[in-house]
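Structure file target22.cif (mmCIF, C-alpha atoms and all ligand atoms) follows.
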data_work
#
loop_
_atom_site.label_atom_id
_atom_site.label_comp_id
_atom_site.auth_asym_id
_atom_site.auth_seq_id
_atom_site.Cartn_x
_atom_site.Cartn_y
_atom_site.Cartn_z
CA MET A 1 -14.69 50.46 31.15
CA THR A 2 -12.26 51.60 28.49
CA ASN A 3 -12.80 54.41 25.98
CA SER A 4 -15.62 53.21 23.78
CA PRO A 5 -15.60 53.48 20.04
CA LYS A 6 -18.52 55.56 18.78
CA GLY A 7 -21.24 54.65 16.30
CA ILE A 8 -21.71 51.06 17.41
CA ILE A 9 -24.65 49.09 16.04
CA ASP A 10 -25.66 46.43 18.54
CA PHE A 11 -27.27 43.75 16.43
CA HIS A 12 -28.80 41.56 19.15
CA SER A 13 -30.63 42.60 22.32
CA HIS A 14 -33.60 41.90 24.53
CA ILE A 15 -34.43 45.42 25.62
CA LEU A 16 -38.21 45.48 25.26
CA PRO A 17 -40.14 45.48 28.53
CA GLY A 18 -41.94 42.26 29.40
CA VAL A 19 -41.79 40.56 26.00
CA ASP A 20 -39.37 37.70 26.72
CA ASP A 21 -36.69 36.82 29.29
CA GLY A 22 -35.07 40.22 28.66
CA ALA A 23 -36.01 43.53 30.31
CA ASP A 24 -38.67 42.86 32.94
CA LYS A 25 -40.12 46.37 32.99
CA LEU A 26 -39.95 49.76 31.34
CA GLU A 27 -37.42 51.15 33.84
CA THR A 28 -35.05 48.26 33.08
CA SER A 29 -35.38 48.87 29.34
CA LEU A 30 -34.53 52.54 29.80
CA LYS A 31 -31.51 51.73 32.00
CA MET A 32 -30.30 49.15 29.49
CA LEU A 33 -30.55 51.74 26.74
CA GLU A 34 -28.65 54.27 28.89
CA ILE A 35 -25.87 51.74 29.36
CA SER A 36 -25.77 51.05 25.62
CA LYS A 37 -25.55 54.78 24.96
CA SER A 38 -22.66 55.13 27.43
CA GLN A 39 -20.88 52.28 25.61
CA GLY A 40 -21.03 54.13 22.29
CA VAL A 41 -24.09 52.43 20.82
CA GLU A 42 -25.86 54.55 18.23
CA THR A 43 -28.37 51.96 17.07
CA ILE A 44 -29.65 48.85 18.81
CA VAL A 45 -31.53 46.06 17.13
CA SER A 46 -34.21 44.74 19.44
CA THR A 47 -34.44 40.99 18.89
CA SER A 48 -37.00 39.52 21.27
CA HIS A 49 -37.23 35.73 21.28
CA TYR A 50 -39.82 34.12 19.04
CA TYR A 51 -40.64 30.45 19.75
CA ASN A 52 -43.32 28.87 17.60
CA PHE A 53 -44.23 26.35 20.32
CA ARG A 54 -45.35 29.24 22.53
CA GLU A 55 -47.47 31.39 20.25
CA SER A 56 -48.34 32.37 16.71
CA ILE A 57 -46.27 34.91 14.80
CA GLU A 58 -49.21 37.34 14.87
CA SER A 59 -49.56 37.09 18.64
CA PHE A 60 -45.81 37.60 19.16
CA VAL A 61 -45.64 40.59 16.84
CA SER A 62 -48.66 42.17 18.50
CA ARG A 63 -47.14 41.79 22.01
CA ARG A 64 -43.76 42.98 20.78
CA ASP A 65 -45.17 46.03 19.00
CA ASP A 66 -47.13 47.04 22.11
CA ALA A 67 -43.86 47.02 24.03
CA VAL A 68 -42.12 49.02 21.28
CA TYR A 69 -44.91 51.60 21.51
CA LYS A 70 -44.72 51.76 25.30
CA LEU A 71 -40.95 52.19 25.26
CA GLY A 72 -41.03 54.73 22.42
CA LYS A 73 -43.69 56.74 24.25
CA ALA A 74 -41.60 56.91 27.43
CA ILE A 75 -38.50 57.96 25.47
CA ASN A 76 -40.42 60.70 23.65
CA GLU A 77 -42.27 61.97 26.70
CA HIS A 78 -39.05 62.45 28.61
CA ASP A 79 -37.14 63.51 25.50
CA LEU A 80 -34.40 60.99 26.27
CA ASP A 81 -31.26 60.86 24.17
CA LEU A 82 -30.93 57.11 23.70
CA PRO A 83 -29.81 54.83 20.86
CA GLU A 84 -32.15 54.44 17.92
CA ILE A 85 -34.14 51.22 18.22
CA VAL A 86 -34.61 48.98 15.19
CA VAL A 87 -37.18 46.23 15.70
CA GLY A 88 -36.58 42.62 14.81
CA ALA A 89 -36.78 39.20 16.43
CA GLU A 90 -34.57 36.28 17.35
CA VAL A 91 -36.33 33.38 15.72
CA ARG A 92 -35.70 29.86 16.99
CA LEU A 93 -35.47 27.59 13.97
CA PHE A 94 -38.25 25.00 13.74
CA PRO A 95 -39.39 22.60 11.04
CA GLY A 96 -41.67 24.57 8.73
CA LEU A 97 -40.35 28.06 9.52
CA SER A 98 -39.48 28.53 5.86
CA ASN A 99 -43.13 27.88 4.90
CA GLU A 100 -44.64 30.40 7.29
CA GLU A 101 -46.90 32.76 5.42
CA ASN A 102 -45.97 35.61 7.77
CA LEU A 103 -42.24 35.02 7.77
CA SER A 104 -41.65 38.65 6.79
CA MET A 105 -43.21 39.75 10.10
CA LEU A 106 -40.24 38.18 11.90
CA CYS A 107 -37.63 40.03 9.84
CA ILE A 108 -35.84 43.18 10.89
CA GLU A 109 -38.41 45.85 10.15
CA GLY A 110 -38.49 46.94 6.53
CA THR A 111 -36.03 44.26 5.41
CA LYS A 112 -35.96 40.61 4.43
CA ASN A 113 -33.19 39.90 6.94
CA ILE A 114 -33.97 37.47 9.73
CA LEU A 115 -31.97 36.62 12.87
CA ILE A 116 -32.07 32.86 13.35
CA GLU A 117 -31.34 31.01 16.57
CA MET A 118 -30.37 27.38 16.01
CA PRO A 119 -31.54 24.66 18.38
CA TYR A 120 -28.96 23.88 21.09
CA SER A 121 -28.39 20.29 20.00
CA THR A 122 -26.43 18.51 17.35
CA TRP A 123 -27.35 19.96 13.98
CA SER A 124 -29.50 17.83 11.69
CA PRO A 125 -30.22 17.90 7.96
CA TRP A 126 -33.73 19.39 8.49
CA MET A 127 -32.08 22.49 9.95
CA TYR A 128 -29.93 23.07 6.89
CA ASN A 129 -32.90 22.38 4.65
CA GLU A 130 -34.94 25.02 6.49
CA ILE A 131 -32.18 27.56 6.12
CA TYR A 132 -31.76 26.80 2.42
CA ALA A 133 -35.54 27.10 1.96
CA ILE A 134 -35.58 30.46 3.76
CA ILE A 135 -32.85 31.69 1.40
CA THR A 136 -34.73 30.32 -1.61
CA ARG A 137 -37.75 32.40 -0.59
CA GLY A 138 -35.57 35.48 -0.88
CA TYR A 139 -34.79 36.04 2.79
CA THR A 140 -31.35 36.53 4.29
CA PRO A 141 -30.63 34.57 7.46
CA ILE A 142 -28.26 35.98 10.03
CA MET A 143 -27.11 33.21 12.34
CA ALA A 144 -27.35 34.43 15.94
CA HIS A 145 -24.37 33.97 18.30
CA ILE A 146 -22.92 31.14 16.27
CA GLU A 147 -20.16 30.52 18.81
CA ARG A 148 -22.74 29.44 21.40
CA TYR A 149 -23.27 26.13 19.61
CA LEU A 150 -19.71 24.99 20.25
CA GLY A 151 -20.10 21.83 22.24
CA PRO A 152 -23.17 20.23 20.72
CA VAL A 153 -21.62 21.04 17.34
CA SER A 154 -17.91 20.88 16.51
CA GLU A 155 -15.90 23.87 15.32
CA LYS A 156 -15.21 22.03 12.10
CA GLU A 157 -18.89 21.38 11.36
CA ILE A 158 -19.98 24.93 12.17
CA LEU A 159 -17.27 26.39 9.96
CA GLU A 160 -17.98 23.96 7.14
CA LYS A 161 -21.71 24.67 7.17
CA LEU A 162 -21.29 28.43 7.42
CA LEU A 163 -18.93 28.44 4.50
CA SER A 164 -21.29 26.37 2.38
CA MET A 165 -24.40 28.44 3.13
CA ASP A 166 -25.22 31.94 1.98
CA VAL A 167 -25.76 33.28 5.48
CA PHE A 168 -24.47 36.08 7.64
CA VAL A 169 -23.08 35.52 11.11
CA GLN A 170 -23.50 37.35 14.41
CA CYS A 171 -21.28 36.82 17.45
CA ASN A 172 -21.99 37.85 21.02
CA ALA A 173 -19.89 40.53 22.66
CA GLU A 174 -19.24 38.49 25.80
CA SER A 175 -17.74 35.68 23.70
CA PHE A 176 -14.78 37.92 22.88
CA SER A 177 -13.67 37.67 26.50
CA SER A 178 -13.57 33.88 26.82
CA TRP A 179 -10.55 32.06 25.48
CA LYS A 180 -12.41 29.23 23.77
CA THR A 181 -15.05 31.27 22.00
CA ARG A 182 -12.55 33.99 21.11
CA ARG A 183 -10.36 31.43 19.39
CA PHE A 184 -13.36 30.35 17.33
CA ILE A 185 -14.34 33.94 16.50
CA LYS A 186 -10.79 34.52 15.26
CA LYS A 187 -11.26 31.58 12.89
CA LEU A 188 -14.55 33.03 11.67
CA ILE A 189 -12.81 36.33 11.01
CA LYS A 190 -10.01 34.56 9.15
CA HIS A 191 -12.61 32.96 6.89
CA GLY A 192 -14.45 36.25 6.40
CA LYS A 193 -17.52 34.93 8.22
CA LEU A 194 -18.02 37.41 11.06
CA THR A 195 -20.68 39.83 9.84
CA VAL A 196 -22.03 41.66 12.90
CA ILE A 197 -21.73 41.72 16.69
CA GLY A 198 -24.41 42.01 19.35
CA SER A 199 -24.59 42.36 23.11
CA ASP A 200 -27.44 39.86 23.52
CA SER A 201 -28.15 41.90 26.64
CA HIS A 202 -31.07 40.69 28.72
CA ASN A 203 -30.86 42.66 31.94
CA LEU A 204 -28.73 44.85 34.18
CA GLU A 205 -27.00 42.05 36.05
CA SER A 206 -25.99 38.64 34.72
CA ARG A 207 -26.56 39.47 31.07
CA ILE A 208 -25.67 43.15 30.86
CA SER A 209 -24.22 44.59 27.65
CA HIS A 210 -20.46 44.31 27.08
CA ILE A 211 -20.60 45.53 23.51
CA ASP A 212 -17.94 48.17 24.19
CA ASP A 213 -15.43 45.52 25.26
CA ALA A 214 -16.01 43.54 22.06
CA ALA A 215 -15.72 46.68 19.93
CA ASN A 216 -12.51 47.62 21.71
CA TYR A 217 -11.11 44.14 21.23
CA ILE A 218 -11.82 44.28 17.49
CA LEU A 219 -10.36 47.76 17.31
CA LYS A 220 -7.12 46.76 19.01
CA LYS A 221 -6.65 43.41 17.35
CA TYR A 222 -7.96 44.11 13.84
CA GLY A 223 -7.96 47.90 13.57
CA GLU A 224 -10.46 50.64 12.94
CA GLU A 225 -11.06 49.68 9.34
CA PHE A 226 -12.28 46.20 10.26
CA LEU A 227 -14.52 47.53 13.04
CA ASN A 228 -15.97 49.90 10.46
CA VAL A 229 -16.65 46.96 8.15
CA ILE A 230 -18.59 45.20 10.93
CA MET A 231 -20.64 48.35 11.58
CA LYS A 232 -21.23 48.93 7.87
CA ASN A 233 -22.45 45.35 7.55
CA ALA A 234 -24.90 46.02 10.39
CA ALA A 235 -26.01 49.32 8.86
CA TYR A 236 -26.66 47.53 5.58
CA LEU A 237 -28.62 44.69 7.20
CA ILE A 238 -30.95 47.03 9.08
CA ARG A 239 -31.68 49.21 6.04
CA GLU A 240 -31.81 46.91 3.04
FE FE B 1 -30.66 36.49 22.29
#

Mind turning this structure into structure tokens?
Ligand SMILES: [Fe+2]
Amino acid sequence: MTNSPKGIIDFHSHILPGVDDGADKLETSLKMLEISKSQGVETIVSTSHYYNFRESIESFVSRRDDAVYKLGKAINEHDLDLPEIVVGAEVRLFPGLSNEENLSMLCIEGTKNILIEMPYSTWSPWMYNEIYAIITRGYTPIMAHIERYLGPVSEKEILEKLLSMDVFVQCNAESFSSWKTRRFIKKLIKHGKLTVIGSDSHNLESRISHIDDAANYILKKYGEEFLNVIMKNAAYLIRE
């Protein structure tokens, strides 16, 4: 591990115990948060998966909030110095999402900003229509780990769509270390379309946080000012 920049906002994580395929238990959540802290993370956005084919929004939010309470209680009881947790969700796009009465319950708490996961297939018109409709309702979509759709969707199409839609873009930390995805991220940066970064950490093994490596990469390649812009974007999207 290299010297980590401080004040990182990790915009994408699965740290809550037992809510999705992320942390399996409380101890794992606490260890994941310790790792984040050691990597310079000040604030972590908890974005548990929401899939409409599994459960209602109300049921998801209730399960998620129980886990938030459990984790918060453990942190307070042991007076642990860990990153601040901001609660949100990673919402898989589905036809009709934009019409959901309780759409606001899936946003980052206290905001109208929503982290959207696209289906892992070729992109179809209904998907763009949903995103446009979400924007029309006054919400701000943040497209989760956009570089992960390379393959089913071409670089050209992703770039074109991102540039034509009023959306923000999140990239995963680990994608900064692979040649192909890094090349794409550089293009996003060139077009001013990289908004925030996230670890998308799920556990302590195969999907552990590498947010410090991504932050260091940005720092070295683009400088402190640009890293600050990314963190300011994140700070804005969790507060407004
Ligand atoms: Fe995720």

Counting all atoms listed in the file, write as a short mmCIF file (atom, residue, chain, number, x, y, z; two decimals) with C-alpha atoms, in the coordinates of the input all protein and nucleic acid residues lying at most 10 Å from (-12.3, 30.0, 10.1) in the file's frame.
data_model
loop_
_atom_site.label_atom_id
_atom_site.label_comp_id
_atom_site.auth_asym_id
_atom_site.auth_seq_id
_atom_site.Cartn_x
_atom_site.Cartn_y
_atom_site.Cartn_z
CA GLU A 155 -15.90 23.87 15.32
CA LYS A 156 -15.21 22.03 12.10
CA ILE A 158 -19.98 24.93 12.17
CA LEU A 159 -17.27 26.39 9.96
CA GLU A 160 -17.98 23.96 7.14
CA LEU A 162 -21.29 28.43 7.42
CA LEU A 163 -18.93 28.44 4.50
CA ARG A 183 -10.36 31.43 19.39
CA PHE A 184 -13.36 30.35 17.33
CA ILE A 185 -14.34 33.94 16.50
CA LYS A 186 -10.79 34.52 15.26
CA LYS A 187 -11.26 31.58 12.89
CA LEU A 188 -14.55 33.03 11.67
CA ILE A 189 -12.81 36.33 11.01
CA LYS A 190 -10.01 34.56 9.15
CA HIS A 191 -12.61 32.96 6.89
CA GLY A 192 -14.45 36.25 6.40
CA LYS A 193 -17.52 34.93 8.22
CA LEU A 194 -18.02 37.41 11.06
#

Requested in this report: Kindly work out which residues sit at most 12 Å from ligand FE 1 (chain B), using only C-alpha atoms and all ligand atoms, and give the list as a PyMOL selection string.
Outcome: chain A and resi 10-15+20-23+45-51+88-92+115-118+143-146+148+170-173+197-203+207-209

Using the file's own x, y and z axes, what box holds all listed atoms of stretch 82-89 of chain A with 3 Å on each side, keeping edges along x, y and z, and what are its centre and edge lengths in Å to one decimal, as lines of an AutoDock Vina configuration file?
center_x = -33.5
center_y = 48.2
center_z = 19.3
size_x = 13.4
size_y = 23.9
size_z = 14.9

Query - Distance in Å - atom CA of A:Ser59 versus atom CA of A:Ala133 - result: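 Taking atom CA of A:Ser59 as the start and atom CA of A:Ala133 as the end point, the length is 24.0 Å.
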
Query raised in the report: Which is closer to A:Ile114 than all the others in A:Ile131, A:Trp126, A:Ala74, A:Ser175, using all atoms listed in the file?
Result: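 The answer is A:Ile131, which sits nearest to A:Ile114.
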
Just want the 12 Å neighbourhood of A:Ile135, counted on only C-alpha atoms, with same-chain residues fewer than 2 positions away dropped. Output as a tab-separated table (two decimals) with C-alpha atoms, in the coordinates of the input.
chain	number	residue	atom	x	y	z
A	97	LEU	CA	-40.35	28.06	9.52
A	98	SER	CA	-39.48	28.53	5.86
A	99	ASN	CA	-43.13	27.88	4.90
A	103	LEU	CA	-42.24	35.02	7.77
A	112	LYS	CA	-35.96	40.61	4.43
A	113	ASN	CA	-33.19	39.90	6.94
A	114	ILE	CA	-33.97	37.47	9.73
A	128	TYR	CA	-29.93	23.07	6.89
A	129	ASN	CA	-32.90	22.38	4.65
A	130	GLU	CA	-34.94	25.02	6.49
A	131	ILE	CA	-32.18	27.56	6.12
A	132	TYR	CA	-31.76	26.80	2.42
A	133	ALA	CA	-35.54	27.10	1.96
A	137	ARG	CA	-37.75	32.40	-0.59
A	138	GLY	CA	-35.57	35.48	-0.88
A	139	TYR	CA	-34.79	36.04	2.79
A	140	THR	CA	-31.35	36.53	4.29
A	141	PRO	CA	-30.63	34.57	7.46
A	142	ILE	CA	-28.26	35.98	10.03
A	165	MET	CA	-24.40	28.44	3.13
A	166	ASP	CA	-25.22	31.94	1.98
A	167	VAL	CA	-25.76	33.28	5.48
A	168	PHE	CA	-24.47	36.08	7.64

Requested in this report: Please provide the set of residues having any atom within 7 Å of A:Asp212, restricted to all atoms listed in the file, with same-chain residues fewer than 3 positions apart removed, written as a PyMOL selection string.
Outcome: chain A and resi 4+39-40+215-216

Please rebuild stretch 155-166 of chain A with all heavy atoms and give the result as an mmCIF file, in the frame of the given file.
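Listed below is the output, out_1.cif:
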data_model
loop_
_atom_site.group_PDB
_atom_site.id
_atom_site.type_symbol
_atom_site.label_atom_id
_atom_site.label_comp_id
_atom_site.auth_asym_id
_atom_site.auth_seq_id
_atom_site.Cartn_x
_atom_site.Cartn_y
_atom_site.Cartn_z
ATOM 1 N N GLU A 155 -16.404 22.697 16.047
ATOM 2 C CA GLU A 155 -15.900 23.870 15.320
ATOM 3 C C GLU A 155 -15.872 23.609 13.825
ATOM 4 O O GLU A 155 -16.288 24.435 13.023
ATOM 5 C CB GLU A 155 -14.448 24.131 15.760
ATOM 6 C CG GLU A 155 -14.315 25.077 16.891
ATOM 7 C CD GLU A 155 -12.882 25.573 17.058
ATOM 8 O OE1 GLU A 155 -12.010 25.336 16.187
ATOM 9 O OE2 GLU A 155 -12.653 26.198 18.080
ATOM 10 N N LYS A 156 -15.385 22.405 13.504
ATOM 11 C CA LYS A 156 -15.210 22.030 12.100
ATOM 12 C C LYS A 156 -16.561 22.044 11.369
ATOM 13 O O LYS A 156 -16.684 22.613 10.291
ATOM 14 C CB LYS A 156 -14.592 20.622 12.050
ATOM 15 C CG LYS A 156 -14.174 20.170 10.689
ATOM 16 C CD LYS A 156 -13.311 18.907 10.811
ATOM 17 C CE LYS A 156 -13.058 18.292 9.456
ATOM 18 N NZ LYS A 156 -14.131 17.406 9.006
ATOM 19 N N GLU A 157 -17.576 21.446 12.012
ATOM 20 C CA GLU A 157 -18.890 21.380 11.360
ATOM 21 C C GLU A 157 -19.504 22.774 11.212
ATOM 22 O O GLU A 157 -20.051 23.105 10.161
ATOM 23 C CB GLU A 157 -19.849 20.467 12.152
ATOM 24 C CG GLU A 157 -21.191 20.360 11.432
ATOM 25 C CD GLU A 157 -22.166 19.356 12.035
ATOM 26 O OE1 GLU A 157 -21.835 18.722 13.056
ATOM 27 O OE2 GLU A 157 -23.279 19.233 11.481
ATOM 28 N N ILE A 158 -19.398 23.575 12.263
ATOM 29 C CA ILE A 158 -19.980 24.930 12.170
ATOM 30 C C ILE A 158 -19.317 25.684 11.016
ATOM 31 O O ILE A 158 -19.999 26.249 10.152
ATOM 32 C CB ILE A 158 -19.839 25.721 13.489
ATOM 33 C CG1 ILE A 158 -20.589 25.024 14.636
ATOM 34 C CG2 ILE A 158 -20.361 27.145 13.317
ATOM 35 C CD1 ILE A 158 -20.503 25.727 15.980
ATOM 36 N N LEU A 159 -17.991 25.660 11.003
ATOM 37 C CA LEU A 159 -17.270 26.390 9.960
ATOM 38 C C LEU A 159 -17.650 25.886 8.563
ATOM 39 O O LEU A 159 -17.941 26.681 7.669
ATOM 40 C CB LEU A 159 -15.766 26.223 10.152
ATOM 41 C CG LEU A 159 -15.073 27.295 10.997
ATOM 42 C CD1 LEU A 159 -13.615 26.931 11.214
ATOM 43 C CD2 LEU A 159 -15.185 28.674 10.358
ATOM 44 N N GLU A 160 -17.651 24.578 8.430
ATOM 45 C CA GLU A 160 -17.980 23.960 7.140
ATOM 46 C C GLU A 160 -19.360 24.395 6.650
ATOM 47 O O GLU A 160 -19.546 24.784 5.504
ATOM 48 C CB GLU A 160 -18.001 22.449 7.339
ATOM 49 C CG GLU A 160 -17.162 21.644 6.382
ATOM 50 C CD GLU A 160 -17.121 20.197 6.860
ATOM 51 O OE1 GLU A 160 -18.204 19.544 6.913
ATOM 52 O OE2 GLU A 160 -16.029 19.768 7.223
ATOM 53 N N LYS A 161 -20.339 24.329 7.556
ATOM 54 C CA LYS A 161 -21.710 24.670 7.170
ATOM 55 C C LYS A 161 -21.821 26.155 6.843
ATOM 56 O O LYS A 161 -22.483 26.539 5.881
ATOM 57 C CB LYS A 161 -22.693 24.315 8.294
ATOM 58 C CG LYS A 161 -22.825 22.826 8.513
ATOM 59 C CD LYS A 161 -23.314 22.109 7.251
ATOM 60 C CE LYS A 161 -23.288 20.610 7.463
ATOM 61 N NZ LYS A 161 -23.486 19.856 6.212
ATOM 62 N N LEU A 162 -21.197 26.990 7.669
ATOM 63 C CA LEU A 162 -21.290 28.430 7.420
ATOM 64 C C LEU A 162 -20.694 28.793 6.071
ATOM 65 O O LEU A 162 -21.211 29.650 5.359
ATOM 66 C CB LEU A 162 -20.571 29.218 8.516
ATOM 67 C CG LEU A 162 -21.224 29.218 9.891
ATOM 68 C CD1 LEU A 162 -20.393 30.047 10.853
ATOM 69 C CD2 LEU A 162 -22.648 29.759 9.834
ATOM 70 N N LEU A 163 -19.593 28.109 5.753
ATOM 71 C CA LEU A 163 -18.930 28.440 4.500
ATOM 72 C C LEU A 163 -19.707 27.931 3.293
ATOM 73 O O LEU A 163 -19.589 28.475 2.199
ATOM 74 C CB LEU A 163 -17.498 27.871 4.492
ATOM 75 C CG LEU A 163 -16.545 28.568 5.478
ATOM 76 C CD1 LEU A 163 -15.233 27.821 5.596
ATOM 77 C CD2 LEU A 163 -16.294 30.017 5.081
ATOM 78 N N SER A 164 -20.544 26.910 3.522
ATOM 79 C CA SER A 164 -21.290 26.370 2.380
ATOM 80 C C SER A 164 -22.669 27.032 2.221
ATOM 81 O O SER A 164 -23.348 26.812 1.235
ATOM 82 C CB SER A 164 -21.463 24.857 2.525
ATOM 83 O OG SER A 164 -22.343 24.587 3.594
ATOM 84 N N MET A 165 -23.073 27.822 3.220
ATOM 85 C CA MET A 165 -24.400 28.440 3.130
ATOM 86 C C MET A 165 -24.268 29.949 2.940
ATOM 87 O O MET A 165 -23.346 30.569 3.464
ATOM 88 C CB MET A 165 -25.208 28.169 4.411
ATOM 89 C CG MET A 165 -25.552 26.714 4.618
ATOM 90 S SD MET A 165 -26.721 26.462 5.987
ATOM 91 C CE MET A 165 -25.772 26.986 7.411
ATOM 92 N N ASP A 166 -25.241 30.513 2.235
ATOM 93 C CA ASP A 166 -25.220 31.940 1.980
ATOM 94 C C ASP A 166 -25.878 32.669 3.153
ATOM 95 O O ASP A 166 -26.996 33.162 3.033
ATOM 96 C CB ASP A 166 -25.966 32.210 0.673
ATOM 97 C CG ASP A 166 -25.499 33.485 0.034
ATOM 98 O OD1 ASP A 166 -24.558 34.098 0.560
ATOM 99 O OD2 ASP A 166 -26.093 33.875 -0.993
#
